[in-house]
file upload21.cif (mmCIF, C-alpha atoms)
data_input
loop_
_atom_site.label_atom_id
_atom_site.label_comp_id
_atom_site.auth_asym_id
_atom_site.auth_seq_id
_atom_site.Cartn_x
_atom_site.Cartn_y
_atom_site.Cartn_z
CA MET K 823 0.00 0.00 0.00
CA ARG K 824 1.66 3.15 -1.25
CA LEU K 825 1.29 6.44 0.62
CA THR K 826 0.99 9.63 -1.42
CA ILE K 827 1.17 13.13 0.03
CA ALA K 828 -0.02 15.90 -2.25
CA PRO K 829 -1.61 19.34 -2.12
CA VAL K 830 -5.32 19.18 -1.41
CA PRO K 831 -7.30 19.57 -4.65
CA ASP K 832 -9.77 22.46 -4.82
CA GLY K 833 -12.81 20.18 -4.72
CA ALA K 834 -11.70 18.14 -1.69
CA MET K 835 -12.91 20.34 1.19
CA ALA K 836 -15.50 17.73 2.20
CA VAL K 837 -12.70 15.13 2.41
CA LEU K 838 -10.73 17.42 4.73
CA ALA K 839 -13.82 18.08 6.84
CA ALA K 840 -14.59 14.36 7.16
CA LEU K 841 -11.01 13.54 8.19
CA HIS K 842 -10.95 16.42 10.66
CA ALA K 843 -14.27 15.30 12.21
CA ALA K 844 -12.92 11.75 12.53
CA CYS K 845 -9.79 13.00 14.32
CA PHE K 846 -11.15 15.74 16.60
CA ARG K 847 -14.15 16.28 18.87
CA GLU K 848 -15.04 19.54 17.19
CA GLY K 849 -14.58 19.05 13.46
CA TRP K 850 -14.22 21.94 11.05
CA PRO K 851 -16.83 22.14 8.29
CA ALA K 852 -15.84 22.11 4.61
CA ALA K 853 -16.67 25.82 4.34
CA SER K 854 -14.09 26.60 7.06
CA PHE K 855 -11.40 24.72 5.14
CA ALA K 856 -12.37 26.50 1.93
CA ALA K 857 -12.18 29.91 3.65
CA LEU K 858 -8.84 29.04 5.27
CA LEU K 859 -7.26 27.85 2.02
CA ALA K 860 -8.45 31.00 0.26
CA THR K 861 -6.29 33.15 2.57
CA PRO K 862 -2.78 34.18 1.51
CA GLY K 863 -0.07 31.73 2.56
CA ALA K 864 -2.46 28.92 3.51
CA PHE K 865 -1.96 25.41 2.19
CA ALA K 866 -3.03 21.88 3.03
CA LEU K 867 -1.62 18.48 2.18
CA LEU K 868 -3.54 15.22 2.00
CA ALA K 869 -2.08 11.76 2.67
CA SER K 870 -3.76 8.93 0.78
CA ARG K 871 -3.17 5.18 0.57
CA GLN K 872 -3.58 3.29 -2.65
CA VAL K 873 -5.27 0.00 -1.78
CA SER K 874 -5.08 -2.43 -4.72
CA SER K 875 -6.74 -0.98 -7.82
CA SER K 876 -9.36 1.04 -5.93
CA SER K 877 -9.38 4.81 -5.59
CA PRO K 878 -6.90 6.26 -3.09
CA VAL K 879 -8.18 6.34 0.50
CA PRO K 880 -7.50 9.59 2.42
CA VAL K 881 -5.78 8.78 5.73
CA GLY K 882 -4.43 12.11 6.97
CA PHE K 883 -4.03 15.83 6.39
CA ILE K 884 -2.14 18.89 7.52
CA ALA K 885 -3.29 22.50 7.17
CA CYS K 886 -0.82 25.37 7.54
CA ARG K 887 -0.43 29.08 7.01
CA ALA K 888 2.89 30.69 6.08
CA ALA K 889 3.68 34.36 6.59
CA ALA K 890 7.11 35.93 6.20
CA ALA K 891 9.67 33.64 7.82
CA GLU K 892 7.14 31.64 9.86
CA CYS K 893 4.66 28.88 9.19
CA GLU K 894 1.99 27.73 11.62
CA VAL K 895 0.49 24.25 11.63
CA LEU K 896 -3.21 24.91 12.10
CA SER K 897 -4.33 21.29 12.15
CA LEU K 898 -2.80 17.86 11.64
CA GLY K 899 -4.80 14.65 11.78
CA VAL K 900 -4.41 10.98 10.91
CA ALA K 901 -7.36 8.59 10.71
CA ALA K 902 -7.48 6.16 13.65
CA GLN K 903 -6.92 3.08 11.47
CA ALA K 904 -3.76 4.63 9.98
CA ARG K 905 -2.07 5.80 13.19
CA GLY K 906 1.26 4.37 14.27
CA GLN K 907 2.61 4.26 10.71
CA ARG K 908 4.50 7.60 10.80
CA ILE K 909 1.96 9.25 8.48
CA GLY K 910 1.80 12.26 10.79
CA GLN K 911 5.57 12.58 10.64
CA ARG K 912 5.58 12.35 6.84
CA LEU K 913 2.83 14.98 6.62
CA LEU K 914 4.74 17.30 8.94
CA GLU K 915 7.99 16.83 7.01
CA ALA K 916 6.20 17.54 3.71
CA ALA K 917 4.62 20.66 5.23
CA GLU K 918 8.02 21.81 6.46
CA ALA K 919 9.39 21.45 2.92
CA ALA K 920 6.40 23.38 1.54
CA ALA K 921 6.95 26.08 4.16
CA ARG K 922 10.61 26.40 3.15
CA LEU K 923 9.53 26.91 -0.46
CA ARG K 924 7.38 29.80 0.81
CA GLY K 925 10.33 31.36 2.65
CA ALA K 926 9.59 30.12 6.16
CA ARG K 927 12.51 29.48 8.49
CA MET K 928 10.47 28.38 11.53
CA MET K 929 7.42 26.18 12.07
CA PHE K 930 5.05 26.74 14.98
CA LEU K 931 2.23 24.62 16.30
CA GLU K 932 0.23 24.11 19.44
CA VAL K 933 -0.63 20.81 21.03
CA ALA K 934 -2.75 19.86 24.01
CA ALA K 935 -0.55 18.95 26.96
CA ASP K 936 -2.47 15.68 27.34
CA ASN K 937 -1.91 14.59 23.71
CA LEU K 938 1.08 12.38 24.47
CA SER K 939 1.33 10.65 21.09
CA ALA K 940 1.45 13.99 19.23
CA ARG K 941 3.96 15.36 21.72
CA ALA K 942 6.19 12.31 21.14
CA LEU K 943 6.06 12.93 17.37
CA TYR K 944 6.97 16.59 17.75
CA ALA K 945 9.81 15.81 20.16
CA ARG K 946 11.36 13.39 17.61
CA LEU K 947 11.58 16.01 14.86
CA PRO K 948 12.54 18.05 17.17
CA TYR K 949 10.03 20.73 18.10
CA ILE K 950 10.80 22.61 21.30
CA GLU K 951 8.36 24.17 23.74
CA VAL K 952 8.44 27.97 23.53
CA GLY K 953 5.21 28.88 25.30
CA LYS K 954 2.05 27.73 27.02
CA ARG K 955 -1.57 28.80 26.81
CA SER K 956 -2.98 27.94 30.20
CA ARG K 957 -6.31 26.11 30.30
CA TYR K 958 -6.76 26.56 26.53
CA TYR K 959 -8.61 23.34 25.66
CA THR K 960 -11.76 22.15 27.40
CA ARG K 961 -12.29 18.45 28.05
CA GLU K 962 -15.33 16.47 29.09
CA GLY K 963 -15.15 15.85 32.81
CA LEU K 964 -12.13 18.13 33.18
CA ASN K 965 -11.95 21.87 33.56
CA SER K 966 -9.29 22.45 30.93
CA VAL K 967 -5.95 21.43 29.48
CA ASP K 968 -2.99 23.64 28.61
CA ALA K 969 -1.89 24.18 25.02
CA LEU K 970 1.85 23.96 24.51
CA VAL K 971 3.33 26.18 21.80
CA LEU K 972 6.16 24.46 19.96
CA ARG K 973 8.73 25.68 17.44
CA HIS K 974 10.98 23.93 14.95
CA ASP K 975 13.78 25.77 13.15
CA LEU K 976 13.81 24.90 9.47
CA GLY K 977 17.34 26.10 8.81
CA ASP K 978 18.77 28.69 6.47
CA ASP K 979 18.70 26.75 3.20
CA GLU K 980 17.33 28.78 0.31
CA THR K 981 15.46 25.78 -1.07
CA PRO K 982 15.24 22.12 -0.11
CA SER K 983 17.93 19.93 -1.66
CA CYS K 984 15.30 17.42 -2.80
CA ASP K 985 11.57 17.21 -3.29
CA PRO K 986 9.51 17.24 -0.09
CA PRO K 987 8.96 13.74 1.33
CA GLY K 988 6.08 12.00 -0.42
CA LEU K 989 5.83 14.54 -3.23
CA SER K 990 6.78 14.14 -6.85
CA PRO K 991 8.36 16.97 -8.87
CA HIS K 992 5.01 17.92 -10.46
CA ASP K 993 3.53 18.52 -6.96
CA ARG K 994 6.02 21.29 -6.14
CA GLY K 995 3.45 23.96 -7.02
CA PHE K 996 1.78 23.70 -3.68
#
call {"tool": "encode", "arguments": {"input": "upload21.cif", "output": "structure tokens"}}
result
Amino acid sequence: MRLTIAPVPDGAMAVLAALHAACFREGWPAASFAALLATPGAFALLASRQVSSSSPVPVGFIACRAAAAECEVLSLGVAAQARGQRIGQRLLEAAEAAARLRGARMMFLEVAADNLSARALYARLPYIEVGKRSRYYTREGLNSVDALVLRHDLGDDETPSCDPPGLSPHDRGF
């Protein structure tokens, strides 16, 4: 089963919304993704698995917004049945490459302090904690959970030395 990571096609907002709803308690509607991706600097990547000769099956996504030398990960999700296969890492690495192409030198994201699997992924890459938003997320049965703000330096390279992971040369127009 081959994994492909590519820019989200214009007509795939419902796919993004369905994946987001499957990954998070409060899913974003397709219209929110469409509005986000219409803003300057915003981009999203979709991870899909090719299963035999059937159509590719979407298994994950990442949505980001780049501005000047920074890029923020707005949302990253992997379908439950595809977790534990480093798809999130591949999406993040592809987004980092896309951010570099847009001139970003740093990636930022926030993660709930209780999301241990995501925190482990970010620590491997390595993202470092640079801030905290106290009691940012609400949880059922709990008052709230902190959001940790993380940063990853992308380096000073003008352009990546190779195509972003999971992308072919014709996908570079993200």
call {"tool": "axis_aligned_box", "arguments": {"input": "upload21.cif", "around": "segment 886-898 of chain K", "padding_each_side": "3 Å", "output": "JSON"}}
result
{"center_x": 2.7, "center_y": 26.9, "center_z": 9.1, "size_x": 20.0, "size_y": 24.1, "size_z": 12.1}
call {"tool": "residues_near_point", "arguments": {"input": "upload21.cif", "point": "(-10.3, 28.6, 1.6)", "cutoff": "12 Å", "atoms": "all atoms listed in the file", "output": "list in words"}}
result
Val830, Pro831, Asp832, Gly833, Ala834, Met835, Leu838, Pro851, Ala852, Ala853, Ser854, Phe855, Ala856, Ala857, Leu858, Leu859, Ala860, Thr861, Pro862, Gly863, Ala864, Phe865, Ala866, Ala885, Cys886 and Arg887 of chain K
call {"tool": "atom_distance", "arguments": {"input": "upload21.cif", "atom1": "atom CA of Asn965 of chain K", "atom2": "atom CA of Ala934 of chain K"}}
result
13.4 Å
call {"tool": "residues_around", "arguments": {"input": "upload21.cif", "residues": "Leu868 of chain K", "least_positions_apart": "6", "cutoff": "10 Å", "atoms": "all atoms listed in the file", "output": "list in words"}}
result
Thr826, Ile827, Ala828, Pro829, Val830, Pro831, Ala834, Val837, Leu838, Leu841, Pro880, Val881, Gly882, Phe883, Ile884, Ala885, Gly899, Val900 and Leu913 of chain K
call {"tool": "write_last_selection", "arguments": {"input": "upload21.cif", "atoms": "C-alpha atoms", "output": "PDB file, keeping the file's coordinate frame"}}
result
ATOM      1  CA  THR K 826       0.990   9.630  -1.420  1.00  0.00           C
ATOM      2  CA  ILE K 827       1.170  13.130   0.030  1.00  0.00           C
ATOM      3  CA  ALA K 828      -0.020  15.900  -2.250  1.00  0.00           C
ATOM      4  CA  PRO K 829      -1.610  19.340  -2.120  1.00  0.00           C
ATOM      5  CA  VAL K 830      -5.320  19.180  -1.410  1.00  0.00           C
ATOM      6  CA  PRO K 831      -7.300  19.570  -4.650  1.00  0.00           C
ATOM      7  CA  ALA K 834     -11.700  18.140  -1.690  1.00  0.00           C
ATOM      8  CA  VAL K 837     -12.700  15.130   2.410  1.00  0.00           C
ATOM      9  CA  LEU K 838     -10.730  17.420   4.730  1.00  0.00           C
ATOM     10  CA  LEU K 841     -11.010  13.540   8.190  1.00  0.00           C
ATOM     11  CA  PRO K 880      -7.500   9.590   2.420  1.00  0.00           C
ATOM     12  CA  VAL K 881      -5.780   8.780   5.730  1.00  0.00           C
ATOM     13  CA  GLY K 882      -4.430  12.110   6.970  1.00  0.00           C
ATOM     14  CA  PHE K 883      -4.030  15.830   6.390  1.00  0.00           C
ATOM     15  CA  ILE K 884      -2.140  18.890   7.520  1.00  0.00           C
ATOM     16  CA  ALA K 885      -3.290  22.500   7.170  1.00  0.00           C
ATOM     17  CA  GLY K 899      -4.800  14.650  11.780  1.00  0.00           C
ATOM     18  CA  VAL K 900      -4.410  10.980  10.910  1.00  0.00           C
ATOM     19  CA  LEU K 913       2.830  14.980   6.620  1.00  0.00           C
TER      20      LEU K 913
END
call {"tool": "atom_distance", "arguments": {"input": "upload21.cif", "atom1": "atom CA of Leu976 of chain K", "atom2": "atom CA of Gly910 of chain K"}}
result
17.5 Å
call {"tool": "atom_distance", "arguments": {"input": "upload21.cif", "atom1": "atom CA of Ala889 of chain K", "atom2": "atom CA of Gly925 of chain K"}}
result
8.3 Å
call {"tool": "resolve_selection", "arguments": {"input": "upload21.cif", "expression": "the PyMOL selection byres ((chain K and resi 936-951) around 9)", "output": "short mmCIF file (atom, residue, chain, number, x, y, z; two decimals) with C-alpha atoms, keeping the file's coordinate frame"}}
result
data_model
loop_
_atom_site.label_atom_id
_atom_site.label_comp_id
_atom_site.auth_asym_id
_atom_site.auth_seq_id
_atom_site.Cartn_x
_atom_site.Cartn_y
_atom_site.Cartn_z
CA ARG K 908 4.50 7.60 10.80
CA GLY K 910 1.80 12.26 10.79
CA GLN K 911 5.57 12.58 10.64
CA GLU K 915 7.99 16.83 7.01
CA MET K 929 7.42 26.18 12.07
CA PHE K 930 5.05 26.74 14.98
CA LEU K 931 2.23 24.62 16.30
CA VAL K 933 -0.63 20.81 21.03
CA ALA K 934 -2.75 19.86 24.01
CA ALA K 935 -0.55 18.95 26.96
CA VAL K 952 8.44 27.97 23.53
CA GLY K 953 5.21 28.88 25.30
CA LYS K 954 2.05 27.73 27.02
CA VAL K 967 -5.95 21.43 29.48
CA ASP K 968 -2.99 23.64 28.61
CA ALA K 969 -1.89 24.18 25.02
CA LEU K 970 1.85 23.96 24.51
CA VAL K 971 3.33 26.18 21.80
CA LEU K 972 6.16 24.46 19.96
CA ARG K 973 8.73 25.68 17.44
CA HIS K 974 10.98 23.93 14.95
CA ASP K 975 13.78 25.77 13.15
#
call {"tool": "closest_residue", "arguments": {"input": "upload21.cif", "among": "K:Phe846, K:Ala891, K:Ala836, K:Pro878", "to": "Gly977 of chain K", "atoms": "all atoms listed in the file"}}
result
K:Ala891
call {"tool": "closest_residue", "arguments": {"input": "upload21.cif", "among": "K:Ala904, K:Val873, K:Leu896, K:Val879", "to": "Trp850 of chain K", "atoms": "all atoms listed in the file"}}
result
K:Leu896
call {"tool": "closest_residue", "arguments": {"input": "upload21.cif", "among": "K:Val895, K:Met823, K:Ala840, K:Met928", "to": "Leu867 of chain K", "atoms": "all atoms listed in the file"}}
result
K:Val895
